[in-house]
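For reference, data09.txt is printed below; it contains compact mmCIF, C-alpha atoms.
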```txt
# COMPACT_ATOMS: atom_id res chain seq x y z
CA MET A 9 18.84 3.78 -27.19
CA ASN A 10 16.37 0.98 -26.62
CA ASN A 11 15.46 1.89 -23.07
CA LYS A 12 11.74 2.35 -22.64
CA ILE A 13 10.16 4.87 -20.32
CA LEU A 14 6.49 4.67 -19.39
CA ILE A 15 4.80 8.02 -18.81
CA VAL A 16 1.50 7.97 -16.96
CA ASP A 17 -0.63 11.10 -16.77
CA ASP A 18 -4.28 11.86 -17.41
CA SER A 19 -3.43 15.44 -18.38
CA LYS A 20 -2.65 15.51 -22.09
CA PRO A 21 -0.40 18.63 -21.98
CA ASP A 22 1.68 17.13 -19.15
CA LEU A 23 1.83 13.80 -20.95
CA GLU A 24 3.02 15.42 -24.18
CA ASN A 25 5.52 17.60 -22.34
CA LEU A 26 7.07 14.61 -20.57
CA LYS A 27 7.02 12.56 -23.76
CA THR A 28 8.95 15.31 -25.61
CA ILE A 29 11.59 15.46 -22.85
CA VAL A 30 11.99 11.68 -22.85
CA LEU A 31 12.25 11.49 -26.66
CA ASP A 32 14.71 14.41 -26.79
CA ALA A 33 16.85 12.60 -24.23
CA GLY A 34 17.02 9.66 -26.64
CA TYR A 35 14.70 7.16 -25.00
CA GLN A 36 11.59 5.36 -26.19
CA ALA A 37 8.40 6.75 -24.69
CA ILE A 38 5.33 4.70 -23.89
CA THR A 39 2.27 6.51 -22.59
CA ALA A 40 -0.69 5.65 -20.42
CA ILE A 41 -3.52 7.85 -19.21
CA SER A 42 -4.70 5.92 -16.15
CA GLY A 43 -3.46 3.74 -13.33
CA GLU A 44 -5.02 0.64 -14.89
CA GLU A 45 -3.33 1.27 -18.22
CA ALA A 46 -0.04 1.85 -16.42
CA ILE A 47 -0.26 -1.54 -14.68
CA GLU A 48 -1.15 -3.25 -17.95
CA LYS A 49 1.70 -1.59 -19.89
CA ALA A 50 4.21 -2.15 -17.09
CA ASN A 51 3.35 -5.83 -17.35
CA SER A 52 3.26 -6.17 -21.11
CA MET A 53 6.06 -3.79 -22.14
CA ARG A 54 8.38 -3.95 -19.11
CA PRO A 55 9.66 -0.35 -19.23
CA ASP A 56 12.97 0.55 -17.61
CA LEU A 57 11.48 3.49 -15.73
CA ILE A 58 8.03 4.90 -15.00
CA PHE A 59 7.03 8.54 -14.54
CA MET A 60 3.71 8.40 -12.72
CA ASP A 61 1.16 11.10 -12.02
CA ILE A 62 -0.72 10.63 -8.74
CA ILE A 63 -4.11 12.23 -9.14
CA MET A 64 -5.96 10.29 -11.79
CA ASP A 65 -9.50 9.01 -12.18
CA LYS A 66 -10.40 5.48 -11.07
CA LYS A 67 -7.03 4.02 -10.12
CA ASP A 68 -4.60 6.70 -8.93
CA GLY A 69 -0.81 6.72 -9.13
CA TYR A 70 -0.34 5.40 -5.59
CA GLN A 71 -2.63 2.42 -6.23
CA ALA A 72 -0.93 1.69 -9.54
CA CYS A 73 2.50 1.94 -7.88
CA ARG A 74 1.50 -0.49 -5.11
CA GLU A 75 0.20 -2.99 -7.65
CA ILE A 76 3.26 -2.72 -9.88
CA ILE A 77 5.54 -3.23 -6.90
CA ALA A 78 3.47 -6.12 -5.55
CA ASP A 79 3.89 -8.00 -8.84
CA LYS A 80 7.14 -9.94 -8.89
CA LYS A 81 7.44 -9.42 -12.65
CA THR A 82 7.39 -5.62 -12.38
CA LYS A 83 8.55 -4.90 -8.85
CA ASN A 84 12.04 -3.81 -9.92
CA ILE A 85 10.88 -1.07 -12.29
CA PRO A 86 11.75 2.28 -10.68
CA ILE A 87 8.77 4.60 -10.32
CA ILE A 88 9.12 8.38 -10.15
CA PHE A 89 6.03 10.33 -9.15
CA VAL A 90 5.39 13.53 -11.08
CA THR A 91 2.62 15.49 -9.42
CA THR A 92 1.17 18.77 -8.22
CA LYS A 93 1.14 17.31 -4.72
CA ASN A 94 4.26 18.67 -3.09
CA GLN A 95 3.72 18.84 0.64
CA LYS A 96 6.34 17.27 2.89
CA ALA A 97 3.90 14.46 3.70
CA ASP A 98 3.48 13.74 -0.01
CA TYR A 99 7.21 13.11 -0.45
CA VAL A 100 7.21 10.72 2.49
CA TRP A 101 3.97 9.01 1.44
CA ALA A 102 5.26 8.62 -2.13
CA GLU A 103 8.41 6.96 -0.83
CA LEU A 104 6.40 4.67 1.42
CA GLN A 105 4.34 3.54 -1.58
CA GLY A 106 7.57 2.39 -3.17
CA GLY A 107 8.35 5.39 -5.37
CA LYS A 108 12.00 6.32 -5.93
CA ALA A 109 11.39 10.07 -6.06
CA LEU A 110 8.75 12.73 -6.40
CA ILE A 111 9.04 15.59 -8.87
CA ALA A 112 6.63 18.45 -8.25
CA LYS A 113 4.83 20.07 -11.18
CA PRO A 114 5.72 22.35 -12.85
CA PHE A 115 8.95 20.46 -13.59
CA THR A 116 11.93 21.30 -15.76
CA SER A 117 13.45 19.01 -18.38
CA ASP A 118 16.67 18.96 -16.32
CA GLN A 119 14.81 17.43 -13.37
CA ILE A 120 13.35 14.71 -15.57
CA VAL A 121 16.63 13.93 -17.35
CA SER A 122 18.47 13.88 -14.03
CA GLU A 123 16.07 11.20 -12.70
CA ILE A 124 16.38 9.20 -15.94
CA ASN A 125 20.18 9.25 -15.61
CA LYS A 126 19.93 7.95 -12.05
CA TYR A 127 18.00 4.84 -12.99
CA ILE A 128 18.92 4.01 -16.59
CA MET B 9 11.34 -9.23 11.87
CA MET B 10 9.00 -11.82 13.26
CA LYS B 11 10.42 -14.85 14.93
CA GLU B 12 8.84 -17.99 13.58
CA SER B 13 7.50 -20.46 16.07
CA ASP B 14 9.62 -23.54 16.64
CA ASP B 15 7.30 -25.98 14.92
CA LEU B 16 7.08 -23.80 11.84
CA SER B 17 10.87 -23.49 11.75
CA VAL B 18 11.06 -27.28 11.60
CA LEU B 19 8.56 -27.28 8.79
CA SER B 20 10.44 -24.59 6.89
CA ILE B 21 13.61 -26.65 7.15
CA ALA B 22 11.71 -29.71 5.97
CA SER B 23 10.37 -27.75 3.03
CA GLU B 24 13.79 -26.39 2.15
CA VAL B 25 15.32 -29.82 2.40
CA ASP B 26 12.55 -31.23 0.23
CA SER B 27 13.02 -28.66 -2.54
CA LYS B 28 16.79 -29.12 -2.47
CA SER B 29 16.44 -32.86 -2.72
CA ALA B 30 14.21 -32.41 -5.76
CA ARG B 31 17.06 -30.53 -7.42
CA THR B 32 20.03 -32.60 -6.31
CA GLY B 33 18.67 -35.97 -5.34
CA TRP B 34 21.33 -36.37 -2.67
CA LEU B 35 18.77 -36.37 0.12
CA GLU B 36 16.46 -38.86 -1.53
CA LYS B 37 17.08 -41.37 1.18
CA HIS B 38 15.51 -38.94 3.65
CA ALA B 39 12.39 -38.42 1.57
CA GLU B 40 10.40 -40.76 3.78
CA LEU B 41 11.40 -38.84 6.90
CA ILE B 42 10.46 -35.54 5.29
CA LYS B 43 7.10 -36.95 4.21
CA LYS B 44 6.52 -38.13 7.75
CA LEU B 45 7.35 -34.69 9.11
CA GLU B 46 5.02 -33.04 6.63
CA ALA B 47 2.21 -35.42 7.50
CA GLU B 48 2.77 -34.92 11.20
CA TYR B 49 2.53 -31.16 10.94
CA GLN B 50 -0.03 -31.20 8.11
CA PHE B 51 2.29 -28.97 6.18
CA THR B 52 2.19 -28.24 2.50
CA PRO B 53 5.42 -26.67 1.32
CA ASP B 54 4.87 -23.32 -0.38
CA THR B 55 7.18 -23.23 -3.36
CA ASN B 56 6.34 -19.63 -4.28
CA LYS B 57 7.61 -17.61 -1.35
CA SER B 58 6.72 -14.19 -2.76
CA SER B 59 3.08 -15.16 -3.05
CA THR B 60 2.89 -15.64 0.71
CA ASP B 61 3.75 -12.01 1.43
CA GLU B 62 0.80 -9.69 1.82
CA ARG B 63 1.69 -6.03 1.85
CA TYR B 64 -0.28 -3.39 3.71
CA PHE B 65 0.16 -0.01 5.33
CA GLY B 66 -0.25 -0.13 9.08
CA PHE B 67 -1.29 2.59 11.50
CA THR B 68 -2.43 2.66 15.09
CA ILE B 69 -5.45 4.45 16.44
CA GLY B 70 -5.94 4.11 20.19
CA ASN B 71 -5.31 0.45 20.94
CA LEU B 72 -6.26 -0.77 17.52
CA ASN B 73 -3.62 -1.58 14.90
CA MET B 74 -5.17 -1.12 11.52
CA LEU B 75 -4.17 -2.01 8.00
CA LEU B 76 -4.79 -0.17 4.83
CA SER B 77 -5.47 -2.37 1.86
CA ALA B 78 -3.23 -1.79 -1.14
CA SER B 79 -6.27 -1.61 -3.37
CA LEU B 80 -7.89 1.32 -1.56
CA SER B 81 -7.12 4.81 -2.78
CA SER B 82 -5.39 6.84 -0.09
CA GLU B 83 -3.69 10.18 0.26
CA ILE B 84 -2.09 12.08 3.10
CA LEU B 85 -2.95 15.70 3.79
CA GLU B 86 -0.76 17.83 5.98
CA ASP B 87 -1.62 21.14 7.64
CA ASN B 88 -5.11 20.97 6.22
CA LEU B 89 -7.81 23.03 7.86
CA ILE B 90 -10.69 21.09 9.32
CA TYR B 91 -13.87 23.10 9.60
CA PRO B 92 -16.16 22.02 12.46
CA ILE B 93 -19.75 21.24 11.54
CA PRO B 94 -22.36 22.51 14.01
CA LEU B 95 -24.67 19.93 15.63
CA SER B 96 -22.70 17.01 14.24
CA PRO B 97 -21.79 13.90 16.29
CA ASN B 98 -18.65 14.06 18.46
CA TRP B 99 -16.75 11.65 16.25
CA LEU B 100 -17.16 13.92 13.23
CA LEU B 101 -14.31 16.40 13.56
CA GLY B 102 -15.51 18.45 10.63
CA ALA B 103 -14.86 18.73 6.94
CA CYS B 104 -11.86 19.68 4.89
CA ASN B 105 -11.34 20.88 1.37
CA HIS B 106 -9.66 18.24 -0.77
CA ARG B 107 -9.16 19.52 -4.30
CA GLY B 108 -12.55 21.16 -4.18
CA ASP B 109 -14.35 18.19 -2.64
CA ILE B 110 -15.78 18.46 0.85
CA VAL B 111 -14.33 15.54 2.78
CA PRO B 112 -15.67 14.62 6.23
CA VAL B 113 -12.91 14.00 8.77
CA ILE B 114 -13.62 11.57 11.58
CA ASP B 115 -12.10 10.77 14.94
CA PHE B 116 -11.83 7.00 14.60
CA GLU B 117 -10.67 6.51 18.18
CA GLN B 118 -13.84 8.12 19.45
CA ILE B 119 -15.95 5.74 17.39
CA ILE B 120 -14.10 2.71 18.71
CA SER B 121 -13.49 3.60 22.33
CA GLY B 122 -15.80 6.54 22.96
CA GLU B 123 -12.81 8.66 23.98
CA LYS B 124 -11.63 11.66 22.06
CA SER B 125 -8.24 11.11 20.47
CA VAL B 126 -5.43 13.26 21.75
CA ILE B 127 -3.21 14.60 18.99
CA GLU B 128 -0.93 17.55 19.57
CA ALA B 129 -2.11 20.62 17.71
CA GLY B 130 -0.34 21.02 14.39
CA LYS B 131 1.01 17.45 14.52
CA TYR B 132 -1.88 15.65 12.92
CA LYS B 133 -2.16 14.34 9.42
CA THR B 134 -5.31 13.41 7.60
CA LEU B 135 -5.44 10.10 5.82
CA VAL B 136 -7.98 10.43 3.02
CA LEU B 137 -9.46 7.11 2.02
CA ASP B 138 -11.34 6.49 -1.19
CA LYS B 139 -12.22 9.21 -3.69
CA ASP B 140 -14.66 11.86 -4.78
CA GLU B 141 -18.00 11.63 -2.98
CA ASN B 142 -16.86 8.48 -1.12
CA ALA B 143 -13.74 10.11 0.32
CA ILE B 144 -13.39 10.16 4.09
CA GLY B 145 -10.60 11.59 6.23
CA ILE B 146 -9.16 9.97 9.34
CA GLN B 147 -6.99 11.99 11.65
CA LEU B 148 -3.65 10.37 12.48
CA SER B 149 -0.67 11.38 14.58
CA LYS B 150 1.81 9.41 12.46
CA LEU B 151 2.02 8.33 8.86
CA PRO B 152 1.08 4.72 8.10
CA SER B 153 4.08 2.51 7.41
CA PRO B 154 4.46 -0.51 5.14
CA ILE B 155 4.06 -3.89 6.78
CA ASN B 156 4.25 -7.38 5.27
CA PHE B 157 2.55 -10.50 6.49
CA LYS B 158 2.87 -14.16 5.69
CA LYS B 159 -0.31 -16.07 4.99
CA LYS B 160 0.35 -18.21 8.05
CA GLU B 161 0.10 -15.06 10.21
CA ARG B 162 -3.53 -14.59 9.23
CA LEU B 163 -6.08 -14.99 12.03
CA LYS B 164 -9.32 -16.84 11.54
CA ASN B 165 -11.02 -15.80 14.74
CA PHE B 166 -11.87 -12.13 15.28
CA SER B 167 -13.54 -12.57 18.67
CA LYS B 168 -10.77 -10.72 20.55
CA LEU B 169 -11.26 -7.57 18.50
CA PRO B 170 -13.50 -4.69 19.63
CA LYS B 171 -17.10 -5.66 18.89
CA ILE B 172 -17.78 -2.46 17.02
CA VAL B 173 -15.28 -3.32 14.29
CA GLN B 174 -15.79 -7.10 14.14
CA PRO B 175 -18.44 -7.10 11.39
CA PHE B 176 -16.20 -4.96 9.20
CA VAL B 177 -12.95 -6.87 9.57
CA THR B 178 -11.92 -8.45 6.29
CA HIS B 179 -8.56 -9.81 7.44
CA ALA B 180 -6.61 -9.90 10.67
CA TYR B 181 -3.02 -10.89 11.31
CA LYS B 182 -0.89 -11.55 14.35
CA LYS B 183 2.68 -10.41 14.20
CA GLY B 184 5.16 -9.77 16.99
CA GLY B 185 2.44 -10.23 19.58
CA LYS B 186 0.27 -7.52 18.01
CA ILE B 187 -3.00 -8.03 16.19
CA TRP B 188 -3.48 -6.05 12.99
CA VAL B 189 -6.86 -5.67 11.37
CA CYS B 190 -7.88 -4.77 7.89
CA ILE B 191 -11.25 -3.05 7.93
CA ASP B 192 -13.64 -2.49 5.06
CA PHE B 193 -13.51 1.27 5.66
CA PRO B 194 -16.13 2.34 3.10
CA PHE B 195 -18.62 -0.18 4.55
CA PHE B 196 -17.72 0.80 8.12
CA ILE B 197 -18.17 4.51 7.51
CA GLU B 198 -21.37 3.95 5.55
CA SER B 199 -22.86 2.04 8.48
CA PHE B 200 -22.18 5.03 10.74
CA THR B 201 -23.33 7.75 8.44
CA ASN B 202 -26.61 5.95 7.81
```
Please rewrite the model in this file as structure tokens.
Amino acid sequence: MNNKILIVDDSKPDLENLKTIVLDAGYQAITAISGEEAIEKANSMRPDLIFMDIIMDKKDGYQACREIIADKKTKNIPIIFVTTKNQKADYVWAELQGGKALIAKPFTSDQIVSEINKYI
Amino acid sequence: MMKESDDLSVLSIASEVDSKSARTGWLEKHAELIKKLEAEYQFTPDTNKSSTDERYFGFTIGNLNMLLSASLSSEILEDNLIYPIPLSPNWLLGACNHRGDIVPVIDFEQIISGEKSVIEAGKYKTLVLDKDENAIGIQLSKLPSPINFKKKERLKNFSKLPKIVQPFVTHAYKKGGKIWVCIDFPFFIESFTN
């Protein structure tokens, strides 16, 4: 399949774990380790879906999400937050930022694949 | 949804008509009328509609409707413990633990109006603005919600806003009879803490 999925996480183990799940599911994986890099790659590579961590240095996942959604070229890319933040308010706040869903860490590959199947 | 004022509706129609005529040419004979309308209302048609939308998160504290800039880092904490700090000013509610950082939590309403905000126990949320050593918490009763503005809704005069916030207002908008202000929070808080 040619569908591209952008994975954004500043934690290397989480990044690799997500990348493996995405590749095993038969999709192309693009990675970024910061909010800035995510915005840049969303713009240049136009992925079909983004898995976005929230807590990152400099620009966090919420800021990156807002910027991606504010840009008319990237606003239609679905963004799924993948984070350790899993309070009720986090789910609501993530949705208000424009995210399609929030998956709490630790996640299972089924959860990730299920979200991929919803949007691709 | 905001209702556009009558004169702006006329201008929007003029703009729409103008762009259609550019495509079809069938309204060319009215071009002069459209030009006249534009000149009369000093209107420049905005061909890129999406660029006129400015997206914020809005929340209300006391009588002040505030906007959170999309570029500012923000998180919501729920059920977080706020530890009072002895001998601190009234507007400083205390400090909370945010991923190991000590974040001061302020009562913004008390700063603006001098009156303690009334939030039902257990119903408050803490909006954490900025990060690391610059992080500051503001207690809210409701979550901020997304709000879009058109550029034409932007206010140029801030004189009707509370004096205490005026120097820190970066943008202000009027929508549905309400005034919304975007404050440079880091600058505002710094001015208080110093």
Using only C-alpha atoms, which chain A residues lie at most 12 Å away from chain B, written as a short mmCIF file (atom, residue, chain, number, x, y, z; two decimals) with C-alpha atoms, keeping the file's coordinate frame?
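Writing the result to selection-v2.cif gives the following:
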```cif
data_model
loop_
_atom_site.label_atom_id
_atom_site.label_comp_id
_atom_site.auth_asym_id
_atom_site.auth_seq_id
_atom_site.Cartn_x
_atom_site.Cartn_y
_atom_site.Cartn_z
CA GLY A 43 -3.46 3.74 -13.33
CA GLU A 44 -5.02 0.64 -14.89
CA ILE A 62 -0.72 10.63 -8.74
CA ILE A 63 -4.11 12.23 -9.14
CA MET A 64 -5.96 10.29 -11.79
CA ASP A 65 -9.50 9.01 -12.18
CA LYS A 66 -10.40 5.48 -11.07
CA LYS A 67 -7.03 4.02 -10.12
CA ASP A 68 -4.60 6.70 -8.93
CA GLY A 69 -0.81 6.72 -9.13
CA TYR A 70 -0.34 5.40 -5.59
CA GLN A 71 -2.63 2.42 -6.23
CA ALA A 72 -0.93 1.69 -9.54
CA CYS A 73 2.50 1.94 -7.88
CA ARG A 74 1.50 -0.49 -5.11
CA GLU A 75 0.20 -2.99 -7.65
CA ILE A 76 3.26 -2.72 -9.88
CA ILE A 77 5.54 -3.23 -6.90
CA ALA A 78 3.47 -6.12 -5.55
CA ASP A 79 3.89 -8.00 -8.84
CA LYS A 80 7.14 -9.94 -8.89
CA LYS A 81 7.44 -9.42 -12.65
CA LYS A 83 8.55 -4.90 -8.85
CA THR A 92 1.17 18.77 -8.22
CA LYS A 93 1.14 17.31 -4.72
CA ASN A 94 4.26 18.67 -3.09
CA GLN A 95 3.72 18.84 0.64
CA LYS A 96 6.34 17.27 2.89
CA ALA A 97 3.90 14.46 3.70
CA ASP A 98 3.48 13.74 -0.01
CA TYR A 99 7.21 13.11 -0.45
CA VAL A 100 7.21 10.72 2.49
CA TRP A 101 3.97 9.01 1.44
CA ALA A 102 5.26 8.62 -2.13
CA GLU A 103 8.41 6.96 -0.83
CA LEU A 104 6.40 4.67 1.42
CA GLN A 105 4.34 3.54 -1.58
CA GLY A 106 7.57 2.39 -3.17
#
```
- Task: Using all atoms listed in the file, find the one residue out of B:Leu169, B:Leu100, B:Leu135, B:Val113 that sits nearest to Tyr181 of chain B.
- Result: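 Looking at the shortest contact to Tyr181 of chain B, the residue is B:Leu169.
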- Tell me, as a ChimeraX atom specification, which residues lie within 6 Å of Pro112 of chain B, counting all atoms listed in the file; anything in the same chain fewer than 2 positions away does not count. /B:102-103,144-145
Selected residues written out, C-alpha atoms, as a PDB file, in the coordinates of the input:
```
ATOM      1  CA  GLY B 102     -15.510  18.450  10.630  1.00  0.00           C
ATOM      2  CA  ALA B 103     -14.860  18.730   6.940  1.00  0.00           C
ATOM      3  CA  ILE B 144     -13.390  10.160   4.090  1.00  0.00           C
ATOM      4  CA  GLY B 145     -10.600  11.590   6.230  1.00  0.00           C
TER       5      GLY B 145
END
```
Please write out, as lines of an AutoDock Vina configuration file, where the centre of an axis-aligned box around all listed atoms of segment 66-71 of chain B lies and how long its edges are, in Å to one decimal, after adding 5 Å on each side.
```
center_x = -3.1
center_y = 2.2
center_z = 15.0
size_x = 15.7
size_y = 14.6
size_z = 21.9
```
Can you pull out the residues contacting Ala180 of chain B? Cut-off 12 Å, using all atoms listed in the file, and skip same-chain residues under 3 positions away; I want them as an mmCIF file with C-alpha atoms, keeping the file's coordinate frame.
```cif
data_model
loop_
_atom_site.group_PDB
_atom_site.id
_atom_site.type_symbol
_atom_site.label_atom_id
_atom_site.label_comp_id
_atom_site.auth_asym_id
_atom_site.auth_seq_id
_atom_site.Cartn_x
_atom_site.Cartn_y
_atom_site.Cartn_z
ATOM 1 C CA GLU B 62 0.800 -9.690 1.820
ATOM 2 C CA TYR B 64 -0.280 -3.390 3.710
ATOM 3 C CA GLY B 66 -0.250 -0.130 9.080
ATOM 4 C CA LEU B 72 -6.260 -0.770 17.520
ATOM 5 C CA ASN B 73 -3.620 -1.580 14.900
ATOM 6 C CA MET B 74 -5.170 -1.120 11.520
ATOM 7 C CA LEU B 75 -4.170 -2.010 8.000
ATOM 8 C CA LEU B 76 -4.790 -0.170 4.830
ATOM 9 C CA SER B 77 -5.470 -2.370 1.860
ATOM 10 C CA PHE B 157 2.550 -10.500 6.490
ATOM 11 C CA LYS B 158 2.870 -14.160 5.690
ATOM 12 C CA LYS B 159 -0.310 -16.070 4.990
ATOM 13 C CA LYS B 160 0.350 -18.210 8.050
ATOM 14 C CA GLU B 161 0.100 -15.060 10.210
ATOM 15 C CA ARG B 162 -3.530 -14.590 9.230
ATOM 16 C CA LEU B 163 -6.080 -14.990 12.030
ATOM 17 C CA LYS B 164 -9.320 -16.840 11.540
ATOM 18 C CA ASN B 165 -11.020 -15.800 14.740
ATOM 19 C CA PHE B 166 -11.870 -12.130 15.280
ATOM 20 C CA SER B 167 -13.540 -12.570 18.670
ATOM 21 C CA LYS B 168 -10.770 -10.720 20.550
ATOM 22 C CA LEU B 169 -11.260 -7.570 18.500
ATOM 23 C CA VAL B 173 -15.280 -3.320 14.290
ATOM 24 C CA GLN B 174 -15.790 -7.100 14.140
ATOM 25 C CA PHE B 176 -16.200 -4.960 9.200
ATOM 26 C CA VAL B 177 -12.950 -6.870 9.570
ATOM 27 C CA LYS B 183 2.680 -10.410 14.200
ATOM 28 C CA LYS B 186 0.270 -7.520 18.010
ATOM 29 C CA ILE B 187 -3.000 -8.030 16.190
ATOM 30 C CA TRP B 188 -3.480 -6.050 12.990
ATOM 31 C CA VAL B 189 -6.860 -5.670 11.370
ATOM 32 C CA CYS B 190 -7.880 -4.770 7.890
ATOM 33 C CA ILE B 191 -11.250 -3.050 7.930
ATOM 34 C CA ASP B 192 -13.640 -2.490 5.060
#
```
- Can you tell me how far atom CA of Val16 of chain A sits from atom CA of Leu137 of chain B, in Å to one decimal?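 Calculated distance between atom CA of Val16 of chain A and atom CA of Leu137 of chain B is 21.9 Å.
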- Query: Please, which residues are within 10 Å of (11.7, 15.3, -14.3) by the file's coordinates, counting all atoms listed in the file, and could they come as a PyMOL selection string?
  - Reply: chain A and resi 26+29-30+59+88-90+109-124
- Task: Have a look at atom CA of Ser125 of chain B and atom CA of Gly70 of chain B and let me know their distance in Å, one decimal.
- Result: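 Here the two named atoms are 7.4 Å from each other.
The space separating atom CA of Tyr91 of chain B from atom CA of Phe195 of chain B comes to 24.3 Å.
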- Nearest to Ile85 of chain A by atom-to-atom distance, counting all atoms listed in the file, from A:Gly107, A:Asp56, A:Asp61, A:Ser42: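 Checking each of A:Gly107, A:Asp56, A:Asp61, A:Ser42 against Ile85 of chain A, counting all atoms listed in the file, the winner is A:Asp56.
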